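Text of the file data00.cif, holding mmCIF, C-alpha atoms:
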data_input
#
loop_
_atom_site.label_atom_id
_atom_site.label_comp_id
_atom_site.auth_asym_id
_atom_site.auth_seq_id
_atom_site.Cartn_x
_atom_site.Cartn_y
_atom_site.Cartn_z
CA MET A 1371 59.54 -12.62 36.67
CA PRO A 1372 63.28 -13.44 36.22
CA ASN A 1373 65.18 -11.80 33.37
CA PHE A 1374 65.50 -15.12 31.54
CA GLU A 1375 61.74 -15.62 31.54
CA LEU A 1376 61.22 -12.03 30.40
CA ALA A 1377 63.62 -12.56 27.51
CA VAL A 1378 61.86 -15.77 26.47
CA LEU A 1379 58.46 -14.12 26.79
CA TYR A 1380 59.61 -11.23 24.60
CA GLU A 1381 60.79 -13.63 21.91
CA LEU A 1382 57.57 -15.64 22.02
CA SER A 1383 55.42 -12.51 21.85
CA SER A 1384 57.32 -10.86 19.00
CA GLN A 1385 55.17 -12.26 16.23
CA GLU A 1386 54.63 -10.62 12.90
CA LEU A 1387 51.30 -10.64 11.10
CA PHE A 1388 50.89 -13.85 9.15
CA ASP A 1389 48.67 -14.22 6.10
CA SER A 1390 48.28 -17.98 6.50
CA THR A 1391 48.36 -20.70 9.14
CA GLU A 1392 51.22 -22.34 7.21
CA ALA A 1393 53.44 -19.31 7.80
CA LEU A 1394 52.34 -19.12 11.44
CA PHE A 1395 53.24 -22.77 12.04
CA GLU A 1396 56.71 -22.35 10.53
CA ASP A 1397 57.36 -19.56 13.04
CA LEU A 1398 55.76 -21.54 15.88
CA LYS A 1399 57.78 -24.72 15.43
CA ALA A 1400 61.06 -22.80 15.13
CA LYS A 1401 60.43 -20.99 18.42
CA VAL A 1402 59.09 -23.81 20.58
CA SER A 1403 61.63 -26.37 19.36
CA ARG A 1404 64.46 -24.02 20.31
CA ILE A 1405 63.06 -22.53 23.53
CA PHE A 1406 61.38 -25.60 25.02
CA SER A 1407 63.43 -28.37 23.37
CA ALA A 1408 60.21 -29.69 21.85
CA ARG A 1409 60.34 -33.14 20.25
CA ARG A 1410 57.03 -32.88 18.44
CA VAL A 1411 54.60 -30.07 17.70
CA VAL A 1412 51.04 -30.14 16.36
CA LEU A 1413 48.71 -27.28 15.48
CA GLU A 1414 45.17 -28.16 14.47
CA VAL A 1415 42.96 -25.27 13.38
CA ALA A 1416 39.18 -25.22 13.41
CA ASN A 1417 38.82 -25.73 9.66
CA ARG A 1418 40.55 -29.12 10.17
CA GLU A 1419 43.93 -28.06 8.81
CA ILE A 1420 46.62 -30.00 10.67
CA PHE A 1421 50.27 -28.96 10.86
CA TYR A 1422 52.83 -31.15 12.58
CA TRP A 1423 56.56 -31.45 13.07
CA GLY A 1424 58.85 -34.13 14.51
CA PHE A 1425 56.93 -37.26 13.51
CA GLY A 1426 59.13 -38.48 10.68
CA GLN A 1427 57.20 -40.98 8.57
CA GLN A 1428 54.64 -41.80 11.27
CA ARG A 1429 51.03 -41.65 10.17
CA LEU A 1430 48.88 -39.28 12.22
CA SER A 1431 45.31 -39.85 13.33
CA LEU A 1432 43.12 -37.22 14.99
CA GLY A 1433 43.41 -37.31 18.76
CA HIS A 1434 46.52 -39.56 18.77
CA TYR A 1435 49.33 -37.21 17.92
CA LEU A 1436 51.69 -37.56 20.85
CA LEU A 1437 53.22 -40.30 22.95
CA SER A 1438 51.73 -40.48 26.44
CA SER A 1439 55.07 -41.62 27.86
CA HIS A 1440 56.50 -38.13 27.36
CA ALA A 1441 55.60 -34.72 28.78
CA VAL A 1442 52.78 -33.19 26.75
CA TYR A 1443 51.36 -29.68 26.81
CA GLU A 1444 47.89 -29.38 25.26
CA LYS A 1445 45.80 -26.24 24.85
CA VAL A 1446 42.43 -25.48 23.29
CA LEU A 1447 42.74 -22.17 21.44
CA GLY A 1448 39.91 -19.66 21.48
CA GLN A 1449 37.53 -18.37 24.10
CA GLU A 1450 34.04 -17.74 22.70
CA GLN A 1451 34.83 -19.68 19.54
CA GLU A 1452 37.24 -22.59 19.29
CA LEU A 1453 40.02 -21.75 16.85
CA GLY A 1454 41.94 -24.99 17.17
CA ARG A 1455 44.27 -26.98 19.41
CA PHE A 1456 47.98 -26.87 20.13
CA TRP A 1457 50.15 -29.77 21.33
CA LEU A 1458 53.80 -29.75 22.32
CA GLU A 1459 55.77 -32.79 23.45
CA LYS A 1460 59.18 -32.89 25.10
CA ALA A 1461 61.27 -35.62 26.71
CA GLU A 1462 61.59 -33.99 30.14
CA PRO A 1463 58.75 -32.79 32.40
CA PHE A 1464 57.72 -29.17 31.98
CA LYS A 1465 58.92 -26.69 34.56
CA ASP A 1466 56.37 -24.34 36.10
CA PHE A 1467 57.77 -21.28 34.34
CA GLU A 1468 57.61 -23.11 30.98
CA LEU A 1469 53.92 -23.82 31.48
CA ARG A 1470 53.32 -20.17 32.36
CA LEU A 1471 55.15 -19.02 29.25
CA LEU A 1472 53.27 -21.49 27.06
CA ASP A 1473 49.93 -20.26 28.43
CA ILE A 1474 50.91 -16.68 27.57
CA TYR A 1475 52.16 -17.77 24.15
CA CYS A 1476 48.86 -19.53 23.43
CA ARG A 1477 46.96 -16.32 24.10
CA GLN A 1478 49.18 -14.69 21.50
CA LEU A 1479 48.46 -17.58 19.14
CA GLU A 1480 44.74 -16.98 19.60
CA ARG A 1481 45.09 -13.33 18.58
CA VAL A 1482 47.08 -14.28 15.49
CA LEU A 1483 44.60 -17.01 14.51
CA TYR A 1484 41.69 -14.58 14.94
CA ALA A 1485 43.49 -12.13 12.64
CA ILE A 1486 44.20 -14.83 10.02
CA LYS A 1487 40.59 -16.01 10.15
CA ALA A 1488 39.26 -12.45 9.77
CA ASN A 1489 41.61 -11.79 6.86
CA GLN A 1490 40.60 -15.02 5.11
CA GLU A 1491 36.92 -14.15 5.53
CA LEU A 1492 37.57 -10.67 4.12
CA VAL A 1493 39.43 -12.09 1.12
CA SER A 1494 36.59 -14.55 0.53
CA ALA A 1495 33.98 -11.77 0.73
CA ASN A 1496 35.99 -9.59 -1.67
CA THR A 1497 36.29 -12.49 -4.10
CA ARG A 1498 32.54 -13.12 -4.02
CA PHE A 1499 31.86 -9.41 -4.52
CA ARG A 1500 34.25 -9.16 -7.47
CA GLU A 1501 32.63 -12.21 -9.06
CA MET A 1502 29.22 -10.61 -8.61
CA VAL A 1503 30.42 -7.33 -10.16
CA GLU A 1504 32.25 -9.10 -12.99
CA HIS A 1505 29.16 -11.05 -14.03
CA ALA A 1506 26.44 -8.44 -13.32
CA PRO A 1507 24.19 -9.08 -16.36
CA MET A 1508 22.52 -5.66 -16.70
CA LEU A 1509 25.21 -3.35 -15.35
CA ALA A 1510 28.29 -2.19 -17.25
CA ILE A 1511 30.80 -1.25 -14.54
CA HIS A 1512 34.02 0.68 -15.10
CA GLY A 1513 36.64 1.87 -12.64
CA PHE A 1514 38.72 5.01 -13.29
CA ASP A 1515 41.50 6.99 -11.67
CA GLY A 1516 41.57 10.77 -11.38
CA ASP A 1517 43.24 11.12 -14.80
CA GLY A 1518 40.49 9.16 -16.53
CA ARG A 1519 42.50 5.98 -17.02
CA ILE A 1520 40.44 2.81 -16.97
CA LEU A 1521 41.23 0.54 -14.02
CA TYR A 1522 38.31 -1.89 -14.23
CA TRP A 1523 36.03 -3.09 -17.02
CA ASN A 1524 33.50 -5.86 -16.46
CA ARG A 1525 32.01 -8.30 -18.97
CA THR A 1526 28.81 -6.32 -19.46
CA ALA A 1527 30.93 -3.27 -20.35
CA GLU A 1528 32.65 -5.42 -22.99
CA LYS A 1529 29.26 -6.26 -24.52
CA LEU A 1530 27.89 -2.71 -24.29
CA TYR A 1531 30.89 -0.98 -25.87
CA GLY A 1532 32.38 -3.80 -27.93
CA PHE A 1533 35.87 -3.42 -26.45
CA ALA A 1534 37.55 -6.27 -24.58
CA LYS A 1535 39.01 -5.60 -21.15
CA GLU A 1536 42.55 -6.11 -22.44
CA GLU A 1537 42.03 -3.35 -25.02
CA VAL A 1538 40.96 -0.62 -22.60
CA LEU A 1539 42.67 -1.21 -19.24
CA GLY A 1540 45.21 1.54 -18.63
CA GLN A 1541 43.82 3.65 -21.49
CA LYS A 1542 42.25 7.07 -21.05
CA VAL A 1543 38.54 7.52 -21.69
CA SER A 1544 37.95 8.82 -25.23
CA VAL A 1545 35.11 10.18 -27.37
CA GLU A 1546 35.37 7.02 -29.47
CA LEU A 1547 34.73 4.91 -26.40
CA MET A 1548 31.96 6.88 -24.69
CA GLY A 1549 30.38 9.12 -27.30
CA TYR A 1550 30.65 12.90 -27.39
CA ALA A 1551 27.94 13.84 -24.87
CA LEU A 1552 28.92 11.38 -22.14
CA HIS A 1553 32.62 12.05 -22.71
CA ARG A 1554 32.06 15.78 -22.14
CA GLN A 1555 30.13 15.06 -18.95
CA PHE A 1556 32.84 12.65 -17.84
CA GLN A 1557 35.50 15.32 -18.30
CA GLN A 1558 33.46 17.54 -16.00
CA VAL A 1559 33.58 14.78 -13.40
CA LEU A 1560 37.37 14.60 -13.69
CA SER A 1561 37.67 18.35 -13.10
CA ASN A 1562 35.08 18.33 -10.30
CA PRO A 1563 34.82 14.77 -8.90
CA PRO A 1564 31.90 13.75 -6.66
CA ILE A 1565 32.54 13.63 -2.94
CA ALA A 1566 31.81 10.68 -0.66
CA GLY A 1567 28.09 9.92 -0.60
CA GLU A 1568 27.42 11.87 -3.81
CA GLU A 1569 26.58 10.38 -7.18
CA ARG A 1570 26.23 11.94 -10.64
CA VAL A 1571 23.51 10.64 -12.95
CA TRP A 1572 23.15 11.20 -16.71
CA GLU A 1573 21.18 9.76 -19.55
CA GLY A 1574 22.55 9.57 -23.07
CA GLU A 1575 23.75 7.39 -25.91
CA VAL A 1576 26.97 5.38 -26.07
CA PRO A 1577 28.47 3.96 -29.27
CA HIS A 1578 29.31 0.30 -29.78
CA ARG A 1579 32.56 -0.12 -31.70
CA LEU A 1580 30.60 -1.64 -34.61
CA GLY A 1581 28.50 1.51 -34.98
CA GLN A 1582 25.27 0.78 -33.09
CA LYS A 1583 24.24 3.22 -30.39
CA LYS A 1584 22.54 2.32 -27.15
CA SER A 1585 20.73 4.47 -24.61
CA VAL A 1586 22.14 4.27 -21.10
CA LEU A 1587 21.47 5.64 -17.67
CA SER A 1588 24.92 6.40 -16.27
CA PHE A 1589 25.97 6.78 -12.62
CA VAL A 1590 29.34 7.98 -11.33
CA LEU A 1591 30.33 7.74 -7.67
CA PRO A 1592 33.62 7.89 -5.75
CA VAL A 1593 35.41 4.83 -4.40
CA GLY A 1594 35.94 5.50 -0.69
CA ASP A 1595 37.63 8.80 0.11
CA LEU A 1596 38.75 10.46 -3.13
CA GLN A 1597 41.39 12.42 -1.22
CA GLN A 1598 43.12 9.11 -0.55
CA THR A 1599 42.18 6.83 -3.47
CA ASN A 1600 41.46 9.31 -6.31
CA GLU A 1601 39.32 6.63 -7.94
CA PHE A 1602 35.68 6.34 -8.85
CA MET A 1603 33.25 3.95 -10.50
CA ARG A 1604 30.89 4.45 -13.39
CA MET A 1605 27.89 2.20 -13.92
CA ASP A 1606 25.88 2.19 -17.16
CA VAL A 1607 22.43 0.63 -17.35
CA ASP A 1608 21.25 -0.20 -20.88
CA VAL A 1609 17.78 1.40 -21.21
CA SER A 1610 17.53 1.03 -25.00
CA GLN A 1611 14.59 -1.35 -24.81
CA ASN A 1612 12.70 1.00 -22.49
CA LYS A 1613 13.33 3.87 -24.91
CA ARG A 1614 11.99 1.88 -27.84
CA MET A 1615 8.85 0.98 -25.90
CA GLU A 1616 8.29 4.65 -25.00
CA GLN A 1617 8.51 5.65 -28.66
CA ARG A 1618 5.81 3.22 -29.79
#
Have the structure of the file written as structure tokens, please.
Amino acid sequence: MPNFELAVLYELSSQELFDSTEALFEDLKAKVSRIFSARRVVLEVANREIFYWGFGQQRLSLGHYLLSSHAVYEKVLGQEQELGRFWLEKAEPFKDFELRLLDIYCRQLERVLYAIKANQELVSANTRFREMVEHAPMLAIHGFDGDGRILYWNRTAEKLYGFAKEEVLGQKVSVELMGYALHRQFQQVLSNPPIAGEERVWEGEVPHRLGQKKSVLSFVLPVGDLQQTNEFMRMDVDVSQNKRMEQR
């Protein structure tokens, strides 16, 4: 492959990781318009997002992006699963080496689109999980760092303890917040945190800020590898009603 083609291939392949198809298309149009003297560029991704450049005020319709009187390169992106389609139009016919470079570039586009799709699916899954945790009706969930500062506090924790999230985030766990017995046990966790796969379980009473006390079953477990994150979660299950039934 001639040095010129190698230089162009290097520039086409030197893509950063993009967090969105919008950012990818901005990079794409800048490269192909400069390297291939493209007149118009279209990227359609599988979720029906359409990005285009060079059309001015023309109205686009699916399948009729480019003028047939000009040289057009078209590529379906994706092997096992279609990720989208890429069109490039220029005034002069494509040279053989340009077609080879575009084929290689499209394989790179596929890898980037796969990565964007995987990242979007991960973000969506994390969002759904956080919503589930935030609204868990029977489970008060708190996140802590290794110094006992509160990093997370869901809505059920607000109801159980009587403290709003804004009041406790960033604060250290206190006797006032957890009650003496559970606070003492929690301090033991801070000095000797559970390892991955281990959980600590206690049963005791926690005080509401208005004075009522509720019986809880409390679990503490690490978040990932404590050597790296130094964070753990505590989950309190309100068992007050069960206790009252046992005492009858």
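Residues matching the PyMOL selection byres ((chain A and resi 1404-1407) around 8) in this structure come to A:Val1378, A:Ala1400, A:Lys1401, A:Val1402, A:Ser1403, A:Ala1408, A:Arg1409, A:Lys1460, A:Glu1468.
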Quick one: write out the picked residues with C-alpha atoms as a PDB file, in the coordinates of the input?
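Result file follows (out.pdb):
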ATOM      1  CA  VAL A1378      61.860 -15.770  26.470  1.00  0.00           C
ATOM      2  CA  ALA A1400      61.060 -22.800  15.130  1.00  0.00           C
ATOM      3  CA  LYS A1401      60.430 -20.990  18.420  1.00  0.00           C
ATOM      4  CA  VAL A1402      59.090 -23.810  20.580  1.00  0.00           C
ATOM      5  CA  SER A1403      61.630 -26.370  19.360  1.00  0.00           C
ATOM      6  CA  ALA A1408      60.210 -29.690  21.850  1.00  0.00           C
ATOM      7  CA  ARG A1409      60.340 -33.140  20.250  1.00  0.00           C
ATOM      8  CA  LYS A1460      59.180 -32.890  25.100  1.00  0.00           C
ATOM      9  CA  GLU A1468      57.610 -23.110  30.980  1.00  0.00           C
TER      10      GLU A1468
END
- Which residues, protein or nucleic acid, reach to within 12 Å of (48.6, -14.5, 4.4) in the file's coordinates when using all atoms listed in the file, and can you give that as a count of residues only? 20
- atom CA of A:Arg1579 to atom CA of A:Asn1562, distance in Å rounded to a single decimal: 28.4 Å
- Message: Applying 12 Å and only C-alpha atoms, which residues near A:Leu1469 remain after dropping the ones on its own chain fewer than 6 positions away? List them as a PyMOL selection string.
- Response: chain A and resi 1375+1379+1406+1441-1445+1458+1463+1475-1476
- Residue nearest A:Lys1584 - candidates A:Met1548, A:Leu1560, A:Val1609, A:Ile1565, atoms counted: all atoms listed in the file: A:Val1609
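Closest approach to A:Val1576 among A:Glu1452, A:Asp1397, A:Glu1616, A:Asp1606 is made by A:Asp1606 (distances from all atoms listed in the file).
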- Task: Name the closest residue to A:Gln1582 among the candidates A:Tyr1422, A:Tyr1522, A:Phe1514, A:Tyr1531; distances are taken between atoms, counting only C-alpha atoms.
- Result: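 So, comparing all the options, the nearest one is A:Tyr1531.
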- Task: Might you spell out which residues the PyMOL selection byres ((chain A and resi 1503) around 12) would select in the displayed file, as number ranges by chain?
- Result: A: 1496-1502, 1504-1513, 1522-1527, 1603, 1605
- Message: Could you tell me how far atom CA of A:Glu1396 sits from atom CA of A:Gly1426, in Å to one decimal place?
- Response: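 Calculated distance between atom CA of A:Gly1426 and atom CA of A:Glu1396 is 16.3 Å.
Distances from A:Lys1535, A:Glu1575, A:Phe1602, A:Leu1447 to A:Gln1478 were compared using all atoms listed in the file, and the smallest one belongs to A:Leu1447.
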- What is the distance, in Å and to one decimal place, between atom CA of A:Pro1592 and atom CA of A:Gly1532?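 Value for the atom CA of A:Pro1592-atom CA of A:Gly1532 distance: 25.1 Å.
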- Task: Run the PyMOL selection byres ((chain A and resi 1537) around 12) on the file and write out the hits as a PyMOL selection string.
- Result: chain A and resi 1520-1523+1528+1531-1536+1538-1543+1547
With C-alpha atoms retained, write the just-selected residues as an mmCIF file, in the coordinates of the input.
data_model
loop_
_atom_site.group_PDB
_atom_site.id
_atom_site.type_symbol
_atom_site.label_atom_id
_atom_site.label_comp_id
_atom_site.auth_asym_id
_atom_site.auth_seq_id
_atom_site.Cartn_x
_atom_site.Cartn_y
_atom_site.Cartn_z
ATOM 1 C CA ILE A 1520 40.440 2.810 -16.970
ATOM 2 C CA LEU A 1521 41.230 0.540 -14.020
ATOM 3 C CA TYR A 1522 38.310 -1.890 -14.230
ATOM 4 C CA TRP A 1523 36.030 -3.090 -17.020
ATOM 5 C CA GLU A 1528 32.650 -5.420 -22.990
ATOM 6 C CA TYR A 1531 30.890 -0.980 -25.870
ATOM 7 C CA GLY A 1532 32.380 -3.800 -27.930
ATOM 8 C CA PHE A 1533 35.870 -3.420 -26.450
ATOM 9 C CA ALA A 1534 37.550 -6.270 -24.580
ATOM 10 C CA LYS A 1535 39.010 -5.600 -21.150
ATOM 11 C CA GLU A 1536 42.550 -6.110 -22.440
ATOM 12 C CA VAL A 1538 40.960 -0.620 -22.600
ATOM 13 C CA LEU A 1539 42.670 -1.210 -19.240
ATOM 14 C CA GLY A 1540 45.210 1.540 -18.630
ATOM 15 C CA GLN A 1541 43.820 3.650 -21.490
ATOM 16 C CA LYS A 1542 42.250 7.070 -21.050
ATOM 17 C CA VAL A 1543 38.540 7.520 -21.690
ATOM 18 C CA LEU A 1547 34.730 4.910 -26.400
#
